[in-house]
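What follows is final_8.cif (mmCIF, C-alpha atoms and all ligand atoms).
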data_entry
#
loop_
_atom_site.label_atom_id
_atom_site.label_comp_id
_atom_site.auth_asym_id
_atom_site.auth_seq_id
_atom_site.Cartn_x
_atom_site.Cartn_y
_atom_site.Cartn_z
CA MET L 28 22.98 1.17 2.52
CA SER L 29 24.75 0.42 -0.69
CA GLU L 30 28.08 0.87 -2.30
CA GLN L 31 28.15 2.35 -5.74
CA THR L 32 29.67 -0.11 -8.14
CA ARG L 33 30.45 0.40 -11.79
CA LYS L 34 31.88 -2.17 -14.09
CA PRO L 35 34.48 -0.87 -16.54
CA GLY L 36 33.13 -0.36 -20.01
CA VAL L 37 29.43 -0.31 -19.12
CA SER L 38 28.16 2.96 -17.73
CA ARG L 39 25.08 3.02 -15.53
CA ARG L 40 23.41 5.20 -18.12
CA GLY L 41 24.31 2.88 -20.95
CA PHE L 42 22.98 -0.08 -19.02
CA LEU L 43 19.70 1.68 -18.28
CA LEU L 44 19.23 2.77 -21.85
CA GLY L 45 19.94 -0.76 -23.01
CA GLY L 46 17.27 -1.99 -20.64
CA ALA L 47 14.76 0.57 -21.78
CA GLY L 48 15.47 -0.35 -25.36
CA ALA L 49 14.62 -3.95 -24.60
CA ALA L 50 11.43 -2.77 -22.93
CA THR L 51 10.48 -0.99 -26.10
CA ILE L 52 10.62 -4.15 -28.15
CA VAL L 53 8.54 -6.12 -25.69
CA ALA L 54 5.99 -3.39 -25.14
CA GLY L 55 5.58 -2.99 -28.86
CA ALA L 56 4.31 -6.56 -29.06
CA TYR L 57 1.32 -5.70 -26.90
CA ARG L 58 -1.81 -3.83 -27.84
CA PRO L 59 -1.85 -0.20 -26.75
CA HIS L 60 -3.49 0.94 -23.57
CA SER L 61 -7.22 1.35 -24.05
CA GLY L 62 -8.04 4.88 -25.06
CA ALA L 63 -4.49 5.64 -26.18
CA SER L 64 -3.32 5.85 -29.74
CA ALA L 65 -1.05 3.13 -31.07
CA LEU L 66 2.45 3.11 -29.62
CA PRO L 67 4.82 5.27 -31.64
CA GLU L 68 8.32 4.20 -32.58
CA LEU L 69 10.20 4.64 -29.35
CA SER L 70 13.49 6.41 -29.00
CA ASP L 71 16.22 5.59 -26.51
CA ALA L 72 14.25 7.56 -23.98
CA GLY L 73 12.28 4.38 -23.59
CA LEU L 74 8.79 3.64 -22.53
CA ALA L 75 8.33 6.93 -20.72
CA ALA L 76 8.27 8.62 -24.10
CA ALA L 77 5.36 6.48 -25.23
CA GLY L 78 2.85 8.67 -23.54
CA VAL L 79 1.39 9.69 -20.25
CA PRO L 80 1.76 6.99 -17.59
CA ASP L 81 -1.36 5.70 -15.85
CA VAL L 82 0.33 6.13 -12.50
CA ALA L 83 3.46 8.10 -11.60
CA LEU L 84 5.28 7.48 -8.36
CA ALA L 85 8.32 9.21 -6.91
CA ALA L 86 10.73 7.49 -4.53
CA THR L 87 12.32 9.62 -1.81
CA ASP L 88 12.61 10.07 1.97
CA GLY L 89 10.65 12.13 4.47
CA TRP L 90 9.16 12.45 7.91
CA VAL L 91 5.90 11.09 9.34
CA ALA L 92 4.16 11.01 12.71
CA MET L 93 3.42 8.07 14.98
CA PRO L 94 1.08 8.55 17.93
CA GLY L 95 2.06 8.66 21.58
CA ALA L 96 4.91 11.13 21.29
CA ASN L 97 4.33 12.25 24.88
CA GLN L 98 5.64 8.88 26.02
CA PRO L 99 9.28 8.84 24.91
CA ALA L 100 9.73 5.19 25.79
CA LEU L 101 12.26 4.68 23.01
CA SER L 102 14.52 7.62 23.74
CA PRO L 103 16.70 8.62 21.99
CA PHE L 104 15.52 6.68 18.92
CA TRP L 105 11.97 7.96 19.03
CA PRO L 106 10.66 10.63 18.90
CA ASP L 107 13.54 11.58 16.60
CA SER L 108 15.11 14.90 17.65
CA MET L 109 15.89 15.76 14.01
CA ALA L 110 12.24 15.59 12.95
CA PRO L 111 10.51 18.77 11.76
CA PRO L 112 7.61 20.12 13.85
CA GLY L 113 4.66 17.72 14.09
CA LYS L 114 6.65 14.73 12.83
CA ASN L 115 8.74 12.19 14.75
CA LEU L 116 9.90 9.35 12.46
CA TYR L 117 12.23 9.26 9.46
CA VAL L 118 11.06 7.12 6.52
CA PHE L 119 11.65 6.22 2.90
CA GLY L 120 8.59 5.95 0.71
CA PHE L 121 6.74 6.46 -2.52
CA ARG L 122 4.70 9.47 -3.44
CA ASN L 123 1.84 9.72 -5.91
CA VAL L 124 2.95 12.29 -8.52
CA THR L 125 0.50 11.31 -11.26
CA GLY L 126 -0.29 14.28 -13.47
CA LEU L 127 2.47 16.51 -12.10
CA THR L 128 5.03 18.25 -14.29
CA ASP L 129 8.70 17.25 -14.04
CA ALA L 130 9.38 20.42 -12.04
CA GLN L 131 6.55 19.62 -9.63
CA VAL L 132 7.78 16.05 -9.27
CA ALA L 133 11.27 17.29 -8.37
CA GLN L 134 9.72 19.36 -5.57
CA GLN L 135 8.49 16.19 -3.88
CA ARG L 136 12.02 15.25 -2.77
CA GLY L 137 11.96 14.74 0.99
CA LEU L 138 8.15 14.37 1.09
CA ALA L 139 7.74 10.58 1.05
CA GLN L 140 4.48 9.06 2.21
CA ILE L 141 3.82 5.75 4.00
CA SER L 142 2.29 3.41 3.20
CA ALA L 143 2.62 3.74 -0.56
CA PRO L 144 -0.42 4.88 -2.58
CA GLN L 145 -3.03 2.14 -2.81
CA LEU L 146 -3.32 1.23 -6.49
CA SER L 147 -6.21 -0.46 -8.25
CA PHE L 148 -6.04 -2.20 -11.63
CA LYS L 149 -8.58 -3.92 -13.84
CA GLN L 150 -8.06 -7.44 -15.13
CA ASP L 151 -6.60 -7.71 -18.66
CA GLN L 152 -5.99 -3.98 -19.12
CA ASP L 153 -2.56 -2.50 -19.82
CA TYR L 154 -0.93 -0.11 -17.39
CA ARG L 155 2.21 1.96 -17.31
CA VAL L 156 3.58 2.92 -13.89
CA LYS L 157 6.39 5.45 -13.99
CA LEU L 158 8.87 5.54 -11.11
CA SER L 159 11.15 8.55 -10.57
CA ASN L 160 14.04 8.40 -8.07
CA LEU L 161 14.36 11.82 -6.41
CA GLY L 162 17.17 10.84 -4.02
CA LEU L 163 17.16 11.18 -0.24
CA SER L 164 17.05 14.68 1.23
CA VAL L 165 18.41 13.70 4.66
CA ARG L 166 20.98 11.21 3.29
CA PRO L 167 22.41 12.61 0.06
CA ASP L 168 25.43 10.39 0.75
CA LEU L 169 23.29 7.32 0.02
CA VAL L 170 23.16 6.71 -3.71
CA ASP L 171 20.62 3.88 -3.53
CA GLY L 172 18.44 3.08 -6.50
CA HIS L 173 14.77 2.22 -6.14
CA THR L 174 12.44 -0.16 -7.92
CA ILE L 175 8.83 -1.34 -7.96
CA HIS L 176 8.39 -5.04 -7.29
CA TRP L 177 4.76 -6.15 -7.66
CA HIS L 178 4.82 -9.09 -5.26
CA GLY L 179 3.08 -12.13 -6.76
CA PHE L 180 2.70 -10.64 -10.22
CA VAL L 181 3.64 -12.97 -13.06
CA ASN L 182 5.80 -10.92 -15.40
CA ALA L 183 6.46 -12.02 -18.95
CA ILE L 184 10.11 -10.97 -18.59
CA PRO L 185 12.27 -9.97 -15.58
CA LEU L 186 12.71 -6.37 -16.76
CA PHE L 187 9.56 -5.13 -15.05
CA ASP L 188 9.93 -7.30 -11.95
CA GLY L 189 11.93 -4.72 -10.01
CA VAL L 190 14.51 -7.12 -8.60
CA PRO L 191 17.69 -5.11 -9.24
CA GLU L 192 20.03 -8.12 -9.27
CA LEU L 193 18.01 -9.63 -12.14
CA SER L 194 16.90 -6.56 -14.04
CA ILE L 195 17.49 -2.88 -13.31
CA SER L 196 16.89 -0.27 -10.66
CA VAL L 197 16.26 3.43 -11.12
CA PRO L 198 19.26 5.67 -10.27
CA ILE L 199 18.88 9.07 -8.65
CA GLY L 200 17.62 11.67 -11.08
CA ARG L 201 16.22 9.12 -13.52
CA SER L 202 12.90 7.43 -14.13
CA PHE L 203 11.69 4.13 -15.53
CA THR L 204 8.23 3.07 -16.65
CA TYR L 205 6.99 -0.37 -15.68
CA PHE L 206 4.45 -2.14 -17.86
CA TYR L 207 1.77 -4.46 -16.49
CA ARG L 208 -1.17 -6.39 -17.87
CA PRO L 209 -2.69 -8.14 -14.86
CA HIS L 210 -4.54 -11.37 -15.63
CA ASP L 211 -5.26 -12.60 -12.11
CA PRO L 212 -7.72 -10.69 -9.91
CA GLY L 213 -7.08 -10.40 -6.21
CA THR L 214 -5.17 -8.49 -3.56
CA TYR L 215 -1.42 -7.95 -3.84
CA MET L 216 1.32 -5.73 -2.48
CA TYR L 217 4.26 -3.85 -3.95
CA HIS L 218 7.56 -2.68 -2.62
CA CYS L 219 10.99 -1.39 -3.52
CA HIS L 220 13.35 -4.33 -4.00
CA PHE L 221 16.63 -2.35 -3.77
CA GLU L 222 18.40 -3.09 -0.44
CA ASP L 223 15.01 -4.54 0.29
CA VAL L 224 15.32 -5.36 3.99
CA GLU L 225 16.15 -1.73 4.64
CA HIS L 226 13.89 -0.10 2.07
CA VAL L 227 10.87 -2.28 2.97
CA GLN L 228 11.31 -1.54 6.67
CA MET L 229 11.81 2.16 5.96
CA GLY L 230 8.38 2.36 4.33
CA MET L 231 8.59 1.63 0.59
CA THR L 232 5.61 -0.73 0.69
CA GLY L 233 1.94 -0.58 -0.24
CA LEU L 234 -1.18 -2.44 -1.31
CA LEU L 235 -2.60 -2.94 -4.77
CA PHE L 236 -5.41 -5.01 -6.16
CA VAL L 237 -6.84 -6.24 -9.44
CA SER L 238 -10.60 -6.20 -9.91
CA PRO L 239 -12.14 -9.02 -11.96
CA LYS L 240 -13.75 -8.90 -15.41
CA GLN L 241 -16.94 -10.14 -13.77
CA ASN L 242 -17.45 -6.62 -12.38
CA GLY L 243 -20.40 -4.92 -14.03
CA THR L 244 -22.41 -8.09 -14.53
CA SER L 245 -24.99 -8.74 -11.83
CA PHE L 246 -25.60 -11.73 -9.61
CA THR L 247 -28.38 -12.02 -7.06
CA VAL L 248 -27.42 -13.82 -3.87
CA GLY L 249 -30.24 -14.16 -1.37
CA SER L 250 -31.95 -10.78 -1.17
CA LYS L 251 -29.01 -8.82 -2.53
CA THR L 252 -27.86 -8.09 -6.06
CA PHE L 253 -24.17 -7.38 -6.58
CA THR L 254 -22.28 -5.81 -9.47
CA LYS L 255 -18.85 -5.73 -7.80
CA PHE L 256 -16.90 -8.87 -6.93
CA ALA L 257 -13.56 -9.87 -5.45
CA TYR L 258 -13.05 -12.61 -8.07
CA ASN L 259 -14.58 -14.17 -11.18
CA ASP L 260 -16.58 -16.52 -8.98
CA GLY L 261 -19.34 -17.34 -11.49
CA ASP L 262 -22.06 -17.20 -8.87
CA GLY L 263 -21.79 -13.87 -7.06
CA SER L 264 -20.44 -15.44 -3.89
CA THR L 265 -17.67 -12.84 -3.64
CA GLY L 266 -20.00 -9.90 -4.30
CA TYR L 267 -19.72 -6.87 -2.08
CA ASP L 268 -21.15 -3.38 -1.44
CA ARG L 269 -18.00 -1.73 -0.09
CA GLU L 270 -14.28 -2.51 -0.17
CA PHE L 271 -11.38 -1.49 2.04
CA GLY L 272 -7.67 -2.11 1.56
CA LEU L 273 -5.89 -2.69 4.87
CA PHE L 274 -2.10 -2.87 4.58
CA LEU L 275 -0.31 -4.37 7.60
CA SER L 276 3.26 -3.43 8.54
CA GLU L 277 5.51 -2.70 11.50
CA ILE L 278 7.95 0.11 12.30
CA PHE L 279 11.37 -0.59 13.89
CA ALA L 280 12.05 2.89 15.25
CA GLU L 281 15.73 2.31 16.05
CA GLY L 282 16.53 1.44 12.44
CA HIS L 283 14.72 4.55 11.20
CA TYR L 284 16.69 6.71 13.66
CA ARG L 285 20.00 5.22 12.59
CA ASP L 286 19.25 5.86 8.92
CA ALA L 287 18.51 9.51 9.72
CA HIS L 288 21.61 9.89 11.90
CA ILE L 289 24.13 8.26 9.53
CA GLN L 290 24.59 5.10 11.57
CA THR L 291 24.44 1.51 10.43
CA THR L 292 21.83 -0.98 11.58
CA ASP L 293 22.00 -4.71 11.99
CA TRP L 294 18.54 -5.40 10.61
CA THR L 295 18.46 -8.75 12.38
CA ASP L 296 18.06 -6.68 15.57
CA PHE L 297 14.52 -6.00 14.34
CA LYS L 298 12.11 -5.27 17.16
CA ALA L 299 8.87 -3.55 16.25
CA SER L 300 7.99 -0.29 17.99
CA PHE L 301 4.76 0.42 16.11
CA TRP L 302 2.20 -1.81 14.38
CA CYS L 303 0.45 -0.13 11.49
CA ILE L 304 -2.56 -0.39 9.20
CA ASN L 305 -2.15 1.73 6.05
CA GLY L 306 0.93 3.34 7.61
CA ARG L 307 -0.90 4.56 10.71
CA SER L 308 -1.15 3.29 14.29
CA TYR L 309 -4.40 3.58 16.27
CA PRO L 310 -5.92 6.06 17.06
CA ASP L 311 -4.63 7.59 13.81
CA THR L 312 -6.00 4.61 11.86
CA VAL L 313 -9.56 5.96 12.14
CA LYS L 314 -8.73 9.53 11.13
CA PRO L 315 -9.98 10.60 7.69
CA ASN L 316 -8.55 9.92 4.26
CA ALA L 317 -6.84 12.55 2.25
CA PRO L 318 -9.23 13.36 -0.61
CA TYR L 319 -9.59 11.08 -3.61
CA SER L 320 -9.06 12.16 -7.16
CA THR L 321 -12.19 11.29 -9.06
CA THR L 322 -10.34 11.67 -12.34
CA LEU L 323 -7.49 9.39 -11.32
CA GLY L 324 -9.71 6.96 -9.48
CA TYR L 325 -7.59 6.82 -6.36
CA GLN L 326 -6.11 8.87 -3.58
CA THR L 327 -4.30 12.04 -4.48
CA GLY L 328 -0.74 12.52 -3.35
CA LEU L 329 -1.40 15.80 -1.57
CA ALA L 330 1.18 16.97 -4.00
CA ASP L 331 2.03 20.24 -2.30
CA GLY L 332 2.30 18.53 1.06
CA THR L 333 -0.75 20.31 2.44
CA PRO L 334 -4.21 18.82 2.78
CA PRO L 335 -6.61 20.72 0.49
CA ALA L 336 -9.05 23.21 1.95
CA GLY L 337 -11.92 21.46 3.66
CA SER L 338 -9.92 18.34 4.53
CA THR L 339 -10.19 17.29 8.15
CA LEU L 340 -7.00 15.25 7.94
CA PRO L 341 -4.64 16.43 10.71
CA GLY L 342 -1.51 18.11 9.35
CA SER L 343 0.68 15.63 11.22
CA LEU L 344 -0.71 12.87 8.96
CA GLN L 345 -0.20 14.69 5.66
CA TYR L 346 2.29 12.00 4.55
CA GLN L 347 0.11 9.14 5.83
CA PRO L 348 -2.97 9.96 3.73
CA GLN L 349 -4.71 6.58 3.86
CA SER L 350 -7.33 5.96 6.51
CA ALA L 351 -7.91 2.44 7.87
CA LEU L 352 -11.44 3.24 9.07
CA VAL L 353 -14.13 0.85 7.77
CA THR L 354 -17.59 2.38 7.39
CA CYS L 355 -20.73 0.61 6.17
CA ASN L 356 -24.50 0.39 6.56
CA ALA L 357 -26.21 -2.38 8.50
CA GLY L 358 -26.59 -5.39 6.20
CA ASP L 359 -23.85 -4.30 3.79
CA ARG L 360 -21.52 -6.93 2.41
CA VAL L 361 -18.00 -5.60 3.04
CA LEU L 362 -14.77 -6.76 1.39
CA LEU L 363 -11.58 -6.38 3.40
CA ARG L 364 -8.43 -6.63 1.30
CA LEU L 365 -5.68 -7.53 3.77
CA ALA L 366 -1.99 -7.60 2.83
CA ASN L 367 1.02 -7.97 5.13
CA LEU L 368 4.52 -6.73 4.30
CA GLY L 369 5.74 -6.60 7.88
CA TYR L 370 8.13 -9.14 9.32
CA GLN L 371 5.61 -10.71 11.71
CA ASN L 372 2.50 -12.86 11.40
CA HIS L 373 -0.76 -11.10 12.10
CA ALA L 374 -4.14 -12.54 13.02
CA MET L 375 -6.92 -10.02 12.48
CA THR L 376 -10.10 -10.50 14.44
CA MET L 377 -13.39 -8.69 14.94
CA ASP L 378 -15.45 -9.42 18.01
CA ASN L 379 -18.94 -10.80 17.33
CA VAL L 380 -18.75 -10.47 13.54
CA PRO L 381 -18.02 -13.67 11.56
CA MET L 382 -15.71 -13.27 8.59
CA ARG L 383 -15.39 -15.37 5.43
CA ILE L 384 -12.03 -15.77 3.69
CA VAL L 385 -12.76 -16.07 -0.05
CA GLY L 386 -9.25 -15.50 -1.39
CA LYS L 387 -5.67 -16.18 -0.31
CA ASP L 388 -2.65 -14.67 -2.06
CA ALA L 389 -4.79 -13.57 -5.04
CA LEU L 390 -6.33 -17.02 -5.50
CA LEU L 391 -10.09 -17.62 -5.25
CA LEU L 392 -10.80 -20.42 -2.76
CA LYS L 393 -13.17 -22.15 -5.14
CA ASN L 394 -12.60 -25.16 -7.35
CA GLY L 395 -15.13 -25.12 -10.19
CA THR L 396 -18.48 -24.98 -8.47
CA ILE L 397 -17.12 -26.16 -5.12
CA ALA L 398 -16.33 -23.33 -2.73
CA HIS L 399 -13.69 -23.81 -0.06
CA TYR L 400 -14.34 -20.53 1.70
CA ILE L 401 -13.27 -20.35 5.32
CA ASP L 402 -15.69 -18.99 7.92
CA THR L 403 -13.74 -17.70 10.90
CA ASN L 404 -13.36 -14.84 13.32
CA SER L 405 -9.58 -14.80 13.06
CA VAL L 406 -7.80 -14.18 9.76
CA GLU L 407 -4.11 -15.03 9.73
CA VAL L 408 -1.90 -13.11 7.31
CA GLY L 409 1.80 -13.97 7.12
CA PRO L 410 4.52 -11.67 5.75
CA GLY L 411 4.15 -11.37 1.99
CA GLU L 412 0.63 -12.82 2.08
CA SER L 413 -2.82 -11.42 1.32
CA ARG L 414 -6.38 -12.37 2.20
CA ASP L 415 -9.72 -11.33 0.74
CA VAL L 416 -12.30 -11.37 3.51
CA LEU L 417 -16.06 -10.72 3.42
CA PHE L 418 -18.37 -9.93 6.28
CA THR L 419 -21.99 -8.86 6.54
CA ALA L 420 -22.43 -5.79 8.70
CA PRO L 421 -24.63 -6.57 11.72
CA GLY L 422 -27.97 -4.88 12.29
CA PHE L 423 -27.93 -1.36 13.70
CA SER L 424 -28.36 -1.40 17.46
CA GLY L 425 -28.84 2.32 18.08
CA GLY L 426 -25.23 3.25 18.75
CA THR L 427 -24.58 6.96 18.88
CA GLY L 428 -20.94 6.83 17.84
CA THR L 429 -18.34 9.01 19.43
CA SER L 430 -19.95 12.21 18.16
CA GLY L 431 -23.59 11.23 18.48
CA ASN L 432 -24.21 10.83 14.74
CA GLY L 433 -25.47 7.31 14.85
CA TYR L 434 -23.22 4.33 14.32
CA ASP L 435 -22.26 1.13 16.10
CA THR L 436 -18.56 0.56 16.60
CA TYR L 437 -16.77 -2.78 16.28
CA LEU L 438 -13.03 -3.18 16.77
CA LEU L 439 -10.90 -4.87 14.10
CA TYR L 440 -7.45 -5.72 15.49
CA ASP L 441 -4.56 -8.12 15.70
CA ARG L 442 -5.53 -10.63 18.36
CA ASN L 443 -1.94 -10.62 19.64
CA LEU L 444 -2.60 -7.79 22.08
CA ALA L 445 1.14 -7.07 22.36
CA TYR L 446 0.71 -5.46 18.92
CA ALA L 447 -2.01 -3.10 20.19
CA ASP L 448 0.61 -0.77 21.53
CA ASN L 449 2.46 2.43 20.57
CA ALA L 450 6.16 2.39 21.49
CA GLY L 451 5.45 0.84 24.86
CA ASP L 452 3.09 3.63 25.92
CA PRO L 453 1.04 2.01 28.71
CA ALA L 454 -1.45 4.85 28.87
CA SER L 455 -3.42 4.16 25.73
CA PRO L 456 -4.14 1.31 23.35
CA GLY L 457 -2.83 1.76 19.84
CA GLY L 458 -1.07 -0.24 17.19
CA MET L 459 -2.70 -2.59 14.72
CA LEU L 460 -6.27 -1.69 15.61
CA THR L 461 -9.03 0.08 13.73
CA GLU L 462 -12.79 0.50 13.89
CA VAL L 463 -15.68 -0.78 11.82
CA ARG L 464 -18.52 1.73 12.05
CA VAL L 465 -21.97 0.44 11.13
CA TYR L 466 -24.57 3.09 10.22
CA ASN L 467 -28.33 2.74 10.02
CA GLY L 468 -28.59 3.03 6.24
CA THR L 469 -27.49 6.66 6.18
CA LEU L 470 -24.19 6.19 4.32
CA PRO L 471 -24.30 6.87 0.57
CA ALA L 472 -22.94 4.25 -1.83
CA GLN L 473 -19.15 3.97 -1.76
CA SER L 474 -17.54 6.14 -4.44
CA GLN L 475 -13.99 4.75 -4.18
CA PRO L 476 -12.25 1.93 -2.31
CA ASN L 477 -11.67 2.95 1.33
CA ALA L 478 -14.02 5.94 0.96
CU CU L 501 14.05 1.80 -2.48
#

As structure tokens, what does this structure read like?
Ligand SMILES: [Cu+2]
Amino acid sequence: MSEQTRKPGVSRRGFLLGGAGAATIVAGAYRPHSGASALPELSDAGLAAAGVPDVALAATDGWVAMPGANQPALSPFWPDSMAPPGKNLYVFGFRNVTGLTDAQVAQQRGLAQISAPQLSFKQDQDYRVKLSNLGLSVRPDLVDGHTIHWHGFVNAIPLFDGVPELSISVPIGRSFTYFYRPHDPGTYMYHCHFEDVEHVQMGMTGLLFVSPKQNGTSFTVGSKTFTKFAYNDGDGSTGYDREFGLFLSEIFAEGHYRDAHIQTTDWTDFKASFWCINGRSYPDTVKPNAPYSTTLGYQTGLADGTPPAGSTLPGSLQYQPQSALVTCNAGDRVLLRLANLGYQNHAMTMDNVPMRIVGKDALLLKNGTIAHYIDTNSVEVGPGESRDVLFTAPGFSGGTGTSGNGYDTYLLYDRNLAYADNAGDPASPGGMLTEVRVYNGTLPAQSQPNA
């Protein structure tokens, strides 16, 4: 929660326009985005006027669903009695509004998704990410700004760093376009940095990654030839066939209830009620993705709030569009991109499948030609940390899967079993747990990350 403050003589609008003007000067020093014409002279309207952003996100609030609602162990905090049908938890979040008109963007108020859209960038390319603040539908009394802070990204200047005390935040009804040119491949995370304990816990967090320039060249390692890599390794040792972003977080249901019901929270009372991967708790983690946009190259925002025809995503998960299911063929090399923006340490394990950590916090674990990769079956990820992990899918053993269509199932989960739980429901496992399904060569090549 924030108080609105305004210093005499400097209006919020004037301050923002001043900031955008500075952005113009800096952006003008860079080469234009590939495929775009040269940057025009920019007006006070700032970077947003320079052209179509590569990604557009809206910040707002909304309602999502956590599993186990028949076990009201957290009454009255959860399930929340104010929630619309099919939902049970109040959240803040980002929404993918890329390609929508201003009028369509405005209609996304109150339709936040968690976790935030997974974003992918290419090394040494320029990107513009536009953030619009739509306000909070349930709490119009809160006049909080929002920002995008790309955790671990080395900005040339603070303006695009999203820390409001050091740069700017986006007021309600306004937008701001962040500029990035990522130089360092690896797995990262992003979050709103305004009232960040509250906004991070409420759901304004997500995963992003930068793919290396080495992609597209080919390296043969053993019997396999790779063209996709986690890093510029120089020898193909981080090559993979399929990649999956797995974003780790926790939900403190009492805090979410109090935000919805106009009460204050002491955030040091934090006690997790749900443990999530990609904003879902098991068994929802293995339910399907919302469809991908092949033109955008990543998941669509389900902009009208309804899964498109043909989608098998349950309606209750329409604002949690990102599956955490890992699917692969026997023998595939699989890259897991793990990032943690919860408040707790997590140690992800997979029974009987060795894993190799090749990157930590967007740094390749290799010094020149000497690799320092870590072979383990337990990958620890602290808050604010990321890991790039490879495993080779075991041979197919004839599993029939849950629907008889031929896959072996391995569990990938936090080895602290207290986190395999949904709001204290003793009847079913849940929480930070997902499945790795290994097929007998019947899966087509992966078209998009997490597909
Ligand atoms: Cu925020």

* Could you pull the residues within 8 Å of Pro476 of chain L, counting all atoms listed in the file, minus those fewer than 2 positions along the same chain, as number ranges by chain? -> L: 269-272, 325, 473-474, 478

Quick one: 3 Å padding each side, axis-aligned, all listed atoms of segment 131-141 of chain L - centre and edge lengths in Å to one decimal, as AutoDock Vina command-line options?
--center_x 7.9 --center_y 12.7 --center_z -2.8 --size_x 14.2 --size_y 19.9 --size_z 19.6

Go through chain L and flag each residue having an atom no more than 10 Å from ligand CU 501 (chain L); for those, report the closest pair of atoms plus their distance in Å to one decimal, using all atoms listed in the file, ordered by chain and rising number, as a tab-separated table.
residue	atom	partner	partner_atom	distance
L:Ala86	CA	L:CU501	CU	6.9
L:Thr87	CA	L:CU501	CU	8.0
L:Asp88	CA	L:CU501	CU	9.5
L:Phe119	CA	L:CU501	CU	7.4
L:Gly120	CA	L:CU501	CU	7.6
L:Phe121	CA	L:CU501	CU	8.7
L:Asn160	CA	L:CU501	CU	8.6
L:Gly162	CA	L:CU501	CU	9.7
L:Asp171	CA	L:CU501	CU	7.0
L:Gly172	CA	L:CU501	CU	6.1
L:His173	CA	L:CU501	CU	3.8
L:Thr174	CA	L:CU501	CU	6.0
L:Ile175	CA	L:CU501	CU	8.2
L:Ser196	CA	L:CU501	CU	8.9
L:Val197	CA	L:CU501	CU	9.1
L:His218	CA	L:CU501	CU	7.9
L:Cys219	CA	L:CU501	CU	4.5
L:His220	CA	L:CU501	CU	6.4
L:Phe221	CA	L:CU501	CU	5.1
L:Glu222	CA	L:CU501	CU	6.9
L:Asp223	CA	L:CU501	CU	7.0
L:Val224	CA	L:CU501	CU	9.7
L:Glu225	CA	L:CU501	CU	8.2
L:His226	CA	L:CU501	CU	4.9
L:Val227	CA	L:CU501	CU	7.5
L:Met229	CA	L:CU501	CU	8.7
L:Gly230	CA	L:CU501	CU	8.9
L:Met231	CA	L:CU501	CU	6.3
L:Thr232	CA	L:CU501	CU	9.4

* Would you mind telling me which residue in L:Asp286, L:Glu407, L:Asp388, L:Asp402 lies nearest to Val165 of chain L when using all atoms listed in the file? =>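 Looking only at the distances to Val165 of chain L, the closest residue turns out to be L:Asp286.
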
* Could you give me, as an MDAnalysis selection string, the residues within 12 Å of Ser264 of chain L, counting all atoms listed in the file and dropping anything in the same chain fewer than 2 positions from it? => chainID L and resid 241 245:249 251:262 266:267 360 362 383:386 391:393 396:400 416:418

* Counting all atoms listed in the file, what is within 9 Å of Phe104 of chain L, bar same-chain residues fewer than 2 positions away, as a PyMOL selection string? -> chain L and resi 99+101-102+106-108+116+280-285
